[in-house]
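This is model.cif (mmCIF, C-alpha atoms, pLDDT in the B column; chains and numbers go by the auth columns).
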data_query
loop_
_atom_site.group_PDB
_atom_site.id
_atom_site.type_symbol
_atom_site.label_atom_id
_atom_site.label_comp_id
_atom_site.label_asym_id
_atom_site.label_seq_id
_atom_site.Cartn_x
_atom_site.Cartn_y
_atom_site.Cartn_z
_atom_site.B_iso_or_equiv
_atom_site.auth_seq_id
_atom_site.auth_asym_id
ATOM 1 C CA MET A 1 -5.006 14.725 21.983 36.00 1 E
ATOM 2 C CA SER A 2 -4.977 13.184 18.532 41.00 2 E
ATOM 3 C CA ILE A 3 -3.646 14.722 15.350 40.00 3 E
ATOM 4 C CA THR A 4 -2.826 13.491 11.874 45.00 4 E
ATOM 5 C CA ILE A 5 0.772 13.402 10.703 50.00 5 E
ATOM 6 C CA SER A 6 2.004 12.904 7.184 50.00 6 E
ATOM 7 C CA LEU A 7 5.106 11.298 5.734 54.00 7 E
ATOM 8 C CA ASP A 8 5.245 11.667 1.959 51.00 8 E
ATOM 9 C CA GLY A 9 1.492 12.036 1.844 43.00 9 E
ATOM 10 C CA VAL A 10 0.873 9.025 4.078 44.00 10 E
ATOM 11 C CA LYS A 11 -1.439 10.041 6.880 44.00 11 E
ATOM 12 C CA SER A 12 -1.659 8.301 10.206 52.00 12 E
ATOM 13 C CA GLU A 13 -3.323 8.905 13.521 55.00 13 E
ATOM 14 C CA PHE A 14 -0.995 10.049 16.279 56.00 14 E
ATOM 15 C CA ASP A 15 -2.286 9.961 19.827 55.00 15 E
ATOM 16 C CA GLY A 16 -0.315 12.143 22.191 47.00 16 E
ATOM 17 C CA TYR A 17 -1.941 11.434 25.561 52.00 17 E
ATOM 18 C CA ASP A 18 -0.039 13.464 28.133 49.00 18 E
ATOM 19 C CA SER A 19 2.864 14.195 25.793 53.00 19 E
ATOM 20 C CA ASP A 20 2.992 16.266 22.638 55.00 20 E
ATOM 21 C CA ALA A 21 1.751 14.524 19.500 59.00 21 E
ATOM 22 C CA VAL A 22 4.716 15.756 17.507 68.00 22 E
ATOM 23 C CA LEU A 23 7.491 13.832 15.799 75.00 23 E
ATOM 24 C CA THR A 24 11.024 15.119 16.214 76.00 24 E
ATOM 25 C CA SER A 25 13.113 15.348 13.048 80.00 25 E
ATOM 26 C CA ILE A 26 15.146 12.307 14.070 83.00 26 E
ATOM 27 C CA GLU A 27 11.960 10.299 14.763 83.00 27 E
ATOM 28 C CA THR A 28 10.677 11.308 11.343 83.00 28 E
ATOM 29 C CA LYS A 29 13.832 9.901 9.767 87.00 29 E
ATOM 30 C CA ALA A 30 13.430 6.584 11.623 89.00 30 E
ATOM 31 C CA ILE A 31 9.768 6.365 10.571 88.00 31 E
ATOM 32 C CA GLU A 32 10.758 7.042 6.954 88.00 32 E
ATOM 33 C CA TYR A 33 13.212 4.106 7.099 90.00 33 E
ATOM 34 C CA ILE A 34 10.505 1.865 8.564 91.00 34 E
ATOM 35 C CA LYS A 35 8.006 3.044 5.930 90.00 35 E
ATOM 36 C CA ARG A 36 10.447 2.055 3.143 91.00 36 E
ATOM 37 C CA GLU A 37 10.541 -1.505 4.450 92.00 37 E
ATOM 38 C CA PHE A 38 6.763 -1.663 4.640 92.00 38 E
ATOM 39 C CA GLU A 39 6.520 -0.451 1.040 92.00 39 E
ATOM 40 C CA LYS A 40 9.002 -3.122 -0.117 94.00 40 E
ATOM 41 C CA ARG A 41 6.707 -5.730 1.410 93.00 41 E
ATOM 42 C CA GLU A 42 3.607 -4.041 -0.028 93.00 42 E
ATOM 43 C CA ILE A 43 2.207 -3.371 3.439 90.00 43 E
ATOM 44 C CA ASN A 44 -0.196 -0.454 3.685 87.00 44 E
ATOM 45 C CA PHE A 45 1.598 2.026 5.942 84.00 45 E
ATOM 46 C CA ASP A 46 -1.679 3.957 6.334 79.00 46 E
ATOM 47 C CA GLU A 47 -2.759 1.217 8.743 80.00 47 E
ATOM 48 C CA ILE A 48 -0.102 2.219 11.280 83.00 48 E
ATOM 49 C CA ARG A 49 -1.016 4.544 14.110 81.00 49 E
ATOM 50 C CA PHE A 50 1.471 6.207 16.409 81.00 50 E
ATOM 51 C CA ARG A 51 1.101 6.793 20.103 80.00 51 E
ATOM 52 C CA ARG A 52 3.396 8.698 22.416 77.00 52 E
ATOM 53 C CA ARG A 53 2.774 7.268 25.847 70.00 53 E
ATOM 54 C CA SER A 54 5.688 9.133 27.335 70.00 54 E
ATOM 55 C CA LYS A 55 8.379 11.558 26.234 73.00 55 E
ATOM 56 C CA ASP A 56 10.833 8.651 26.088 78.00 56 E
ATOM 57 C CA TYR A 57 9.537 6.598 23.189 84.00 57 E
ATOM 58 C CA LEU A 58 7.057 6.347 20.357 86.00 58 E
ATOM 59 C CA THR A 59 4.719 3.368 19.997 86.00 59 E
ATOM 60 C CA LEU A 60 3.565 2.002 16.642 88.00 60 E
ATOM 61 C CA LEU A 61 0.137 0.364 16.678 86.00 61 E
ATOM 62 C CA ALA A 62 -1.410 -2.149 14.305 85.00 62 E
ATOM 63 C CA PRO A 63 -5.023 -1.637 13.154 81.00 63 E
ATOM 64 C CA ASN A 64 -6.231 -3.846 16.018 80.00 64 E
ATOM 65 C CA ASP A 65 -4.562 -1.404 18.488 79.00 65 E
ATOM 66 C CA PHE A 66 -1.858 -3.944 19.183 84.00 66 E
ATOM 67 C CA ASP A 67 1.445 -2.392 20.259 85.00 67 E
ATOM 68 C CA PHE A 68 3.882 -4.136 17.894 89.00 68 E
ATOM 69 C CA CYS A 69 6.872 -1.779 18.046 91.00 69 E
ATOM 70 C CA ARG A 70 8.370 0.942 20.194 91.00 70 E
ATOM 71 C CA ILE A 71 11.127 3.250 19.042 92.00 71 E
ATOM 72 C CA LYS A 72 13.439 5.622 20.873 91.00 72 E
ATOM 73 C CA VAL A 73 15.601 7.925 18.840 87.00 73 E
ATOM 74 C CA GLY A 74 17.492 10.681 20.529 81.00 74 E
ATOM 75 C CA GLU A 75 20.929 12.110 21.003 78.00 75 E
ATOM 76 C CA ARG A 76 21.946 9.597 23.688 82.00 76 E
ATOM 77 C CA SER A 77 19.823 6.543 23.032 87.00 77 E
ATOM 78 C CA VAL A 78 18.638 4.803 19.874 91.00 78 E
ATOM 79 C CA TRP A 79 16.678 1.552 20.076 92.00 79 E
ATOM 80 C CA PHE A 80 13.553 -0.212 19.005 92.00 80 E
ATOM 81 C CA SER A 81 11.648 -3.094 20.475 91.00 81 E
ATOM 82 C CA VAL A 82 9.342 -5.451 18.653 91.00 82 E
ATOM 83 C CA HIS A 83 6.633 -7.777 19.837 86.00 83 E
ATOM 84 C CA GLY A 84 8.531 -11.056 19.933 83.00 84 E
ATOM 85 C CA LEU A 85 5.927 -13.641 20.893 81.00 85 E
ATOM 86 C CA ASN A 86 4.423 -14.266 17.468 80.00 86 E
ATOM 87 C CA LEU A 87 7.474 -13.738 15.267 84.00 87 E
ATOM 88 C CA PRO A 88 8.146 -16.480 12.714 85.00 88 E
ATOM 89 C CA LYS A 89 10.920 -18.902 13.678 86.00 89 E
ATOM 90 C CA GLU A 90 13.269 -17.692 10.919 85.00 90 E
ATOM 91 C CA ILE A 91 13.030 -14.145 12.274 86.00 91 E
ATOM 92 C CA LYS A 92 13.369 -15.227 15.924 85.00 92 E
ATOM 93 C CA ASN A 93 16.553 -17.047 14.943 87.00 93 E
ATOM 94 C CA ASP A 94 18.005 -13.981 13.193 88.00 94 E
ATOM 95 C CA GLU A 95 21.479 -13.262 14.587 88.00 95 E
ATOM 96 C CA ARG A 96 20.480 -9.644 15.263 87.00 96 E
ATOM 97 C CA PHE A 97 18.335 -10.999 18.121 85.00 97 E
ATOM 98 C CA ASP A 98 21.216 -12.948 19.704 85.00 98 E
ATOM 99 C CA LYS A 99 22.252 -10.229 22.159 80.00 99 E
ATOM 100 C CA VAL A 100 19.050 -8.282 22.678 83.00 100 E
ATOM 101 C CA LYS A 101 17.135 -7.698 25.869 78.00 101 E
ATOM 102 C CA LYS A 102 14.167 -10.069 25.717 80.00 102 E
ATOM 103 C CA THR A 103 11.273 -9.544 28.067 77.00 103 E
ATOM 104 C CA LEU A 104 8.139 -11.636 27.937 73.00 104 E
ATOM 105 C CA ILE A 105 6.695 -9.585 25.093 82.00 105 E
ATOM 106 C CA HIS A 106 9.071 -6.946 23.726 84.00 106 E
ATOM 107 C CA TRP A 107 12.545 -7.676 22.382 89.00 107 E
ATOM 108 C CA LYS A 108 14.691 -4.548 22.619 90.00 108 E
ATOM 109 C CA VAL A 109 17.387 -3.966 19.981 90.00 109 E
ATOM 110 C CA LYS A 110 19.925 -1.241 20.792 91.00 110 E
ATOM 111 C CA LEU A 111 21.299 0.614 17.785 92.00 111 E
ATOM 112 C CA GLY A 112 24.416 2.690 17.363 90.00 112 E
ATOM 113 C CA SER A 113 22.791 5.352 15.185 89.00 113 E
ATOM 114 C CA ILE A 114 19.581 6.387 13.499 88.00 114 E
ATOM 115 C CA ASP A 115 20.847 4.965 10.197 88.00 115 E
ATOM 116 C CA GLU A 116 20.766 1.461 11.680 90.00 116 E
ATOM 117 C CA PHE A 117 16.964 1.664 11.532 87.00 117 E
ATOM 118 C CA LEU A 118 17.278 1.182 7.785 88.00 118 E
ATOM 119 C CA GLU A 119 19.280 -2.032 8.278 90.00 119 E
ATOM 120 C CA ASN A 120 16.845 -3.398 10.884 92.00 120 E
ATOM 121 C CA SER A 121 13.452 -2.276 9.626 92.00 121 E
ATOM 122 C CA ASP A 122 12.709 -5.757 8.283 92.00 122 E
ATOM 123 C CA LEU A 123 12.428 -6.954 11.889 92.00 123 E
ATOM 124 C CA ILE A 124 9.832 -4.261 12.528 93.00 124 E
ATOM 125 C CA ALA A 125 7.897 -5.194 9.382 93.00 125 E
ATOM 126 C CA GLU A 126 7.925 -8.885 10.337 90.00 126 E
ATOM 127 C CA SER A 127 6.680 -8.019 13.809 90.00 127 E
ATOM 128 C CA TYR A 128 3.828 -6.071 12.238 91.00 128 E
ATOM 129 C CA ILE A 129 2.934 -8.927 9.892 90.00 129 E
ATOM 130 C CA SER A 130 2.884 -11.431 12.753 86.00 130 E
ATOM 131 C CA ILE A 131 0.623 -9.200 14.879 85.00 131 E
ATOM 132 C CA ARG A 132 -1.672 -8.285 11.992 82.00 132 E
ATOM 133 C CA ASN A 133 -2.193 -11.957 11.195 74.00 133 E
ATOM 134 C CA CYS A 134 -3.183 -12.891 14.776 70.00 134 E
#
Please express what this file holds, its structure, as structure tokens.
Amino acid sequence: MSITISLDGVKSEFDGYDSDAVLTSIETKAIEYIKREFEKREINFDEIRFRRRSKDYLTLLAPNDFDFCRIKVGERSVWFSVHGLNLPKEIKNDERFDKVKKTLIHWKVKLGSIDEFLENSDLIAESYISIRNC
């Protein structure tokens, strides 16, 4: 199932697969924080597509269908993970990545609250830029 969602008039594809293609209110807030960072960097947020592969998290896709970020925002767990392989060295060396769970591809950053998305959205934008430029 695929529907179109809108944040402040910005439309994006949202593929639901086996889960509902619906953003919760708290996910919407996180996406709005991420969108602000993209706008600061003059990145076209219309290029982003969302995919819910499970009820647990939301995936953000670059135009080339590359999974560059996953977010989980709920009452008990708030985190995001970014595609870490192609990040620029200055971002990889950011102290916010010092204590994160790093798998081969995704680097998972646990957050204390939804509002911490605003403070960390630059990492998501940089991940997008690095994937888009591949």
* Do you know which residues the PyMOL selection byres ((chain E and resi 23-36) around 6) returns on this file, as a PyMOL selection string? -> chain E and resi 22+37-39+73+118+121
* Pairwise distance for atom CA of E:Glu42 and atom CA of E:Leu60, rounded to one decimal in Å ->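 Taking atom CA of E:Glu42 as the start and atom CA of E:Leu60 as the end point, the length is 17.7 Å.
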* Asked: With all atoms listed in the file as the atoms that count, which of E:Leu58, E:Ile129, E:Cys134, E:Ile43 lies nearest to E:Val78?
  ->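 Once distances to E:Val78 are computed over all atoms listed in the file, the minimum belongs to E:Leu58.
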* Which polymer residues have any atom within 6 Å of an atom of E:Arg70, counting only C-alpha atoms, with same-chain residues fewer than 5 positions away left out, as a list of chain:residue names? ->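 Near E:Arg70, the qualifying residues are E:Leu58, E:Thr59, E:Phe80, E:Ser81.
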Expected file contents, prior selection, C-alpha atoms, as an mmCIF file, in the frame of the given file:
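Output (selection.cif):
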data_model
loop_
_atom_site.group_PDB
_atom_site.id
_atom_site.type_symbol
_atom_site.label_atom_id
_atom_site.label_comp_id
_atom_site.auth_asym_id
_atom_site.auth_seq_id
_atom_site.Cartn_x
_atom_site.Cartn_y
_atom_site.Cartn_z
ATOM 1 C CA LEU E 58 7.057 6.347 20.357
ATOM 2 C CA THR E 59 4.719 3.368 19.997
ATOM 3 C CA PHE E 80 13.553 -0.212 19.005
ATOM 4 C CA SER E 81 11.648 -3.094 20.475
#
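In this model, the gap between atom CA of E:Tyr128 and atom CA of E:Cys69 comes to 7.8 Å.
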* To do: Compile the contact shell of E:Asn93 as a ChimeraX atom specification: residues with an atom at most 12 Å away, counting only C-alpha atoms, same-chain residues fewer than 6 positions apart removed.
  => /E:84,87,99-100,123
Please tell me which residues are no farther than 10 Å from (20.4, -2.5, 18.6) in the file, counting all atoms listed in the file, and write them as a PDB file with C-alpha atoms, keeping the file's coordinate frame.
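Written output follows (selection.pdb):
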ATOM      1  CA  VAL E  78      18.638   4.803  19.874  1.00 91.00           C
ATOM      2  CA  TRP E  79      16.678   1.552  20.076  1.00 92.00           C
ATOM      3  CA  PHE E  80      13.553  -0.212  19.005  1.00 92.00           C
ATOM      4  CA  SER E  81      11.648  -3.094  20.475  1.00 91.00           C
ATOM      5  CA  ARG E  96      20.480  -9.644  15.263  1.00 87.00           C
ATOM      6  CA  PHE E  97      18.335 -10.999  18.121  1.00 85.00           C
ATOM      7  CA  LYS E  99      22.252 -10.229  22.159  1.00 80.00           C
ATOM      8  CA  VAL E 100      19.050  -8.282  22.678  1.00 83.00           C
ATOM      9  CA  LYS E 101      17.135  -7.698  25.869  1.00 78.00           C
ATOM     10  CA  LYS E 108      14.691  -4.548  22.619  1.00 90.00           C
ATOM     11  CA  VAL E 109      17.387  -3.966  19.981  1.00 90.00           C
ATOM     12  CA  LYS E 110      19.925  -1.241  20.792  1.00 91.00           C
ATOM     13  CA  LEU E 111      21.299   0.614  17.785  1.00 92.00           C
ATOM     14  CA  GLY E 112      24.416   2.690  17.363  1.00 90.00           C
ATOM     15  CA  SER E 113      22.791   5.352  15.185  1.00 89.00           C
ATOM     16  CA  GLU E 116      20.766   1.461  11.680  1.00 90.00           C
ATOM     17  CA  PHE E 117      16.964   1.664  11.532  1.00 87.00           C
ATOM     18  CA  ASN E 120      16.845  -3.398  10.884  1.00 92.00           C
TER      19      ASN E 120
END
* To do: Quote the spacing between atom CA of E:Asp122 and atom CA of E:Lys40 in Å to one decimal place.
  => 9.6 Å
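Counting all atoms listed in the file, the residue from E:Asp115, E:Asp56, E:Asp65, E:Glu126 that sits nearest to E:Pro88 is E:Glu126.
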* Would you please work out which residue, of E:Lys55, E:Asn64, E:His106, E:Phe50, is nearest to E:His83 when using all atoms listed in the file? =>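 The answer is E:His106, which sits nearest to E:His83.
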* 9 Å contact set for E:Ala62, all atoms listed in the file, chain neighbours under 6 positions out, as JSON, numbers by chain -> {"E": [47, 48, 49, 68, 128, 131, 132]}
* **Proximity to E:Phe45 - best of E:Leu61, E:Ile71, E:Leu85, E:Ile105, all atoms listed in the file** =>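 Looking at the shortest contact to E:Phe45, the residue is E:Leu61.
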Slice of the block: stretch 42-118 of chain E, C-alpha atoms, as a PDB file, in the first residue's frame:
ATOM      1  CA  GLU E  42      18.607  23.736   1.081  1.00  0.00           C
ATOM      2  CA  ILE E  43      17.926  20.044   0.503  1.00  0.00           C
ATOM      3  CA  ASN E  44      14.695  19.253  -1.309  1.00  0.00           C
ATOM      4  CA  PHE E  45      12.647  17.340   1.261  1.00  0.00           C
ATOM      5  CA  ASP E  46      10.263  16.256  -1.525  1.00  0.00           C
ATOM      6  CA  GLU E  47      12.936  13.747  -2.546  1.00  0.00           C
ATOM      7  CA  ILE E  48      12.494  11.767   0.676  1.00  0.00           C
ATOM      8  CA  ARG E  49      10.217   8.755   0.711  1.00  0.00           C
ATOM      9  CA  PHE E  50       9.083   6.959   3.828  1.00  0.00           C
ATOM     10  CA  ARG E  51       8.653   3.252   4.277  1.00  0.00           C
ATOM     11  CA  ARG E  52       7.252   1.397   7.250  1.00  0.00           C
ATOM     12  CA  ARG E  53       8.758  -2.053   7.081  1.00  0.00           C
ATOM     13  CA  SER E  54       7.445  -2.976  10.487  1.00  0.00           C
ATOM     14  CA  LYS E  55       5.401  -1.421  13.269  1.00  0.00           C
ATOM     15  CA  ASP E  56       8.636  -0.717  15.150  1.00  0.00           C
ATOM     16  CA  TYR E  57      10.303   1.914  13.007  1.00  0.00           C
ATOM     17  CA  LEU E  58      10.016   4.201  10.019  1.00  0.00           C
ATOM     18  CA  THR E  59      12.579   4.160   7.210  1.00  0.00           C
ATOM     19  CA  LEU E  60      13.564   7.250   5.226  1.00  0.00           C
ATOM     20  CA  LEU E  61      14.660   6.571   1.652  1.00  0.00           C
ATOM     21  CA  ALA E  62      16.772   8.649  -0.707  1.00  0.00           C
ATOM     22  CA  PRO E  63      15.652   9.044  -4.344  1.00  0.00           C
ATOM     23  CA  ASN E  64      17.807   6.052  -5.315  1.00  0.00           C
ATOM     24  CA  ASP E  65      15.789   3.905  -2.832  1.00  0.00           C
ATOM     25  CA  PHE E  66      18.746   3.824  -0.487  1.00  0.00           C
ATOM     26  CA  ASP E  67      17.778   3.391   3.166  1.00  0.00           C
ATOM     27  CA  PHE E  68      19.739   6.236   4.790  1.00  0.00           C
ATOM     28  CA  CYS E  69      17.877   6.625   8.092  1.00  0.00           C
ATOM     29  CA  ARG E  70      15.540   4.753  10.393  1.00  0.00           C
ATOM     30  CA  ILE E  71      13.618   6.375  13.209  1.00  0.00           C
ATOM     31  CA  LYS E  72      11.732   4.985  16.181  1.00  0.00           C
ATOM     32  CA  VAL E  73       9.676   7.351  18.251  1.00  0.00           C
ATOM     33  CA  GLY E  74       7.339   6.006  20.849  1.00  0.00           C
ATOM     34  CA  GLU E  75       6.479   6.192  24.496  1.00  0.00           C
ATOM     35  CA  ARG E  76       9.262   3.825  25.596  1.00  0.00           C
ATOM     36  CA  SER E  77      11.916   4.119  22.925  1.00  0.00           C
ATOM     37  CA  VAL E  78      13.277   7.019  20.890  1.00  0.00           C
ATOM     38  CA  TRP E  79      16.198   6.510  18.510  1.00  0.00           C
ATOM     39  CA  PHE E  80      17.402   6.979  14.996  1.00  0.00           C
ATOM     40  CA  SER E  81      20.038   5.230  12.973  1.00  0.00           C
ATOM     41  CA  VAL E  82      21.910   6.613  10.011  1.00  0.00           C
ATOM     42  CA  HIS E  83      23.859   4.969   7.244  1.00  0.00           C
ATOM     43  CA  GLY E  84      27.389   5.333   8.574  1.00  0.00           C
ATOM     44  CA  LEU E  85      29.596   3.937   5.824  1.00  0.00           C
ATOM     45  CA  ASN E  86      29.793   7.008   3.607  1.00  0.00           C
ATOM     46  CA  LEU E  87      29.615   9.759   6.220  1.00  0.00           C
ATOM     47  CA  PRO E  88      32.282  12.461   5.938  1.00  0.00           C
ATOM     48  CA  LYS E  89      35.148  12.128   8.421  1.00  0.00           C
ATOM     49  CA  GLU E  90      34.159  15.270  10.357  1.00  0.00           C
ATOM     50  CA  ILE E  91      30.698  13.808  10.956  1.00  0.00           C
ATOM     51  CA  LYS E  92      32.020  10.326  11.815  1.00  0.00           C
ATOM     52  CA  ASN E  93      34.246  11.966  14.416  1.00  0.00           C
ATOM     53  CA  ASP E  94      31.345  13.896  15.975  1.00  0.00           C
ATOM     54  CA  GLU E  95      31.242  13.205  19.723  1.00  0.00           C
ATOM     55  CA  ARG E  96      27.557  12.255  19.466  1.00  0.00           C
ATOM     56  CA  PHE E  97      28.726   9.061  17.724  1.00  0.00           C
ATOM     57  CA  ASP E  98      31.177   8.132  20.506  1.00  0.00           C
ATOM     58  CA  LYS E  99      28.788   5.868  22.418  1.00  0.00           C
ATOM     59  CA  VAL E 100      26.408   4.673  19.731  1.00  0.00           C
ATOM     60  CA  LYS E 101      25.716   1.151  18.587  1.00  0.00           C
ATOM     61  CA  LYS E 102      27.595   0.767  15.304  1.00  0.00           C
ATOM     62  CA  THR E 103      26.766  -2.125  13.040  1.00  0.00           C
ATOM     63  CA  LEU E 104      28.346  -2.572   9.646  1.00  0.00           C
ATOM     64  CA  ILE E 105      25.944  -0.124   8.028  1.00  0.00           C
ATOM     65  CA  HIS E 106      23.626   1.625  10.487  1.00  0.00           C
ATOM     66  CA  TRP E 107      24.801   3.653  13.474  1.00  0.00           C
ATOM     67  CA  LYS E 108      22.055   3.772  16.098  1.00  0.00           C
ATOM     68  CA  VAL E 109      21.745   6.879  18.293  1.00  0.00           C
ATOM     69  CA  LYS E 110      19.488   6.523  21.344  1.00  0.00           C
ATOM     70  CA  LEU E 111      17.700   9.698  22.390  1.00  0.00           C
ATOM     71  CA  GLY E 112      16.103  10.682  25.660  1.00  0.00           C
ATOM     72  CA  SER E 113      13.108  12.427  24.093  1.00  0.00           C
ATOM     73  CA  ILE E 114      11.504  13.413  20.826  1.00  0.00           C
ATOM     74  CA  ASP E 115      12.917  16.936  21.186  1.00  0.00           C
ATOM     75  CA  GLU E 116      16.444  15.552  20.833  1.00  0.00           C
ATOM     76  CA  PHE E 117      15.656  14.935  17.156  1.00  0.00           C
ATOM     77  CA  LEU E 118      15.971  18.679  16.660  1.00  0.00           C
TER      78      LEU E 118
END
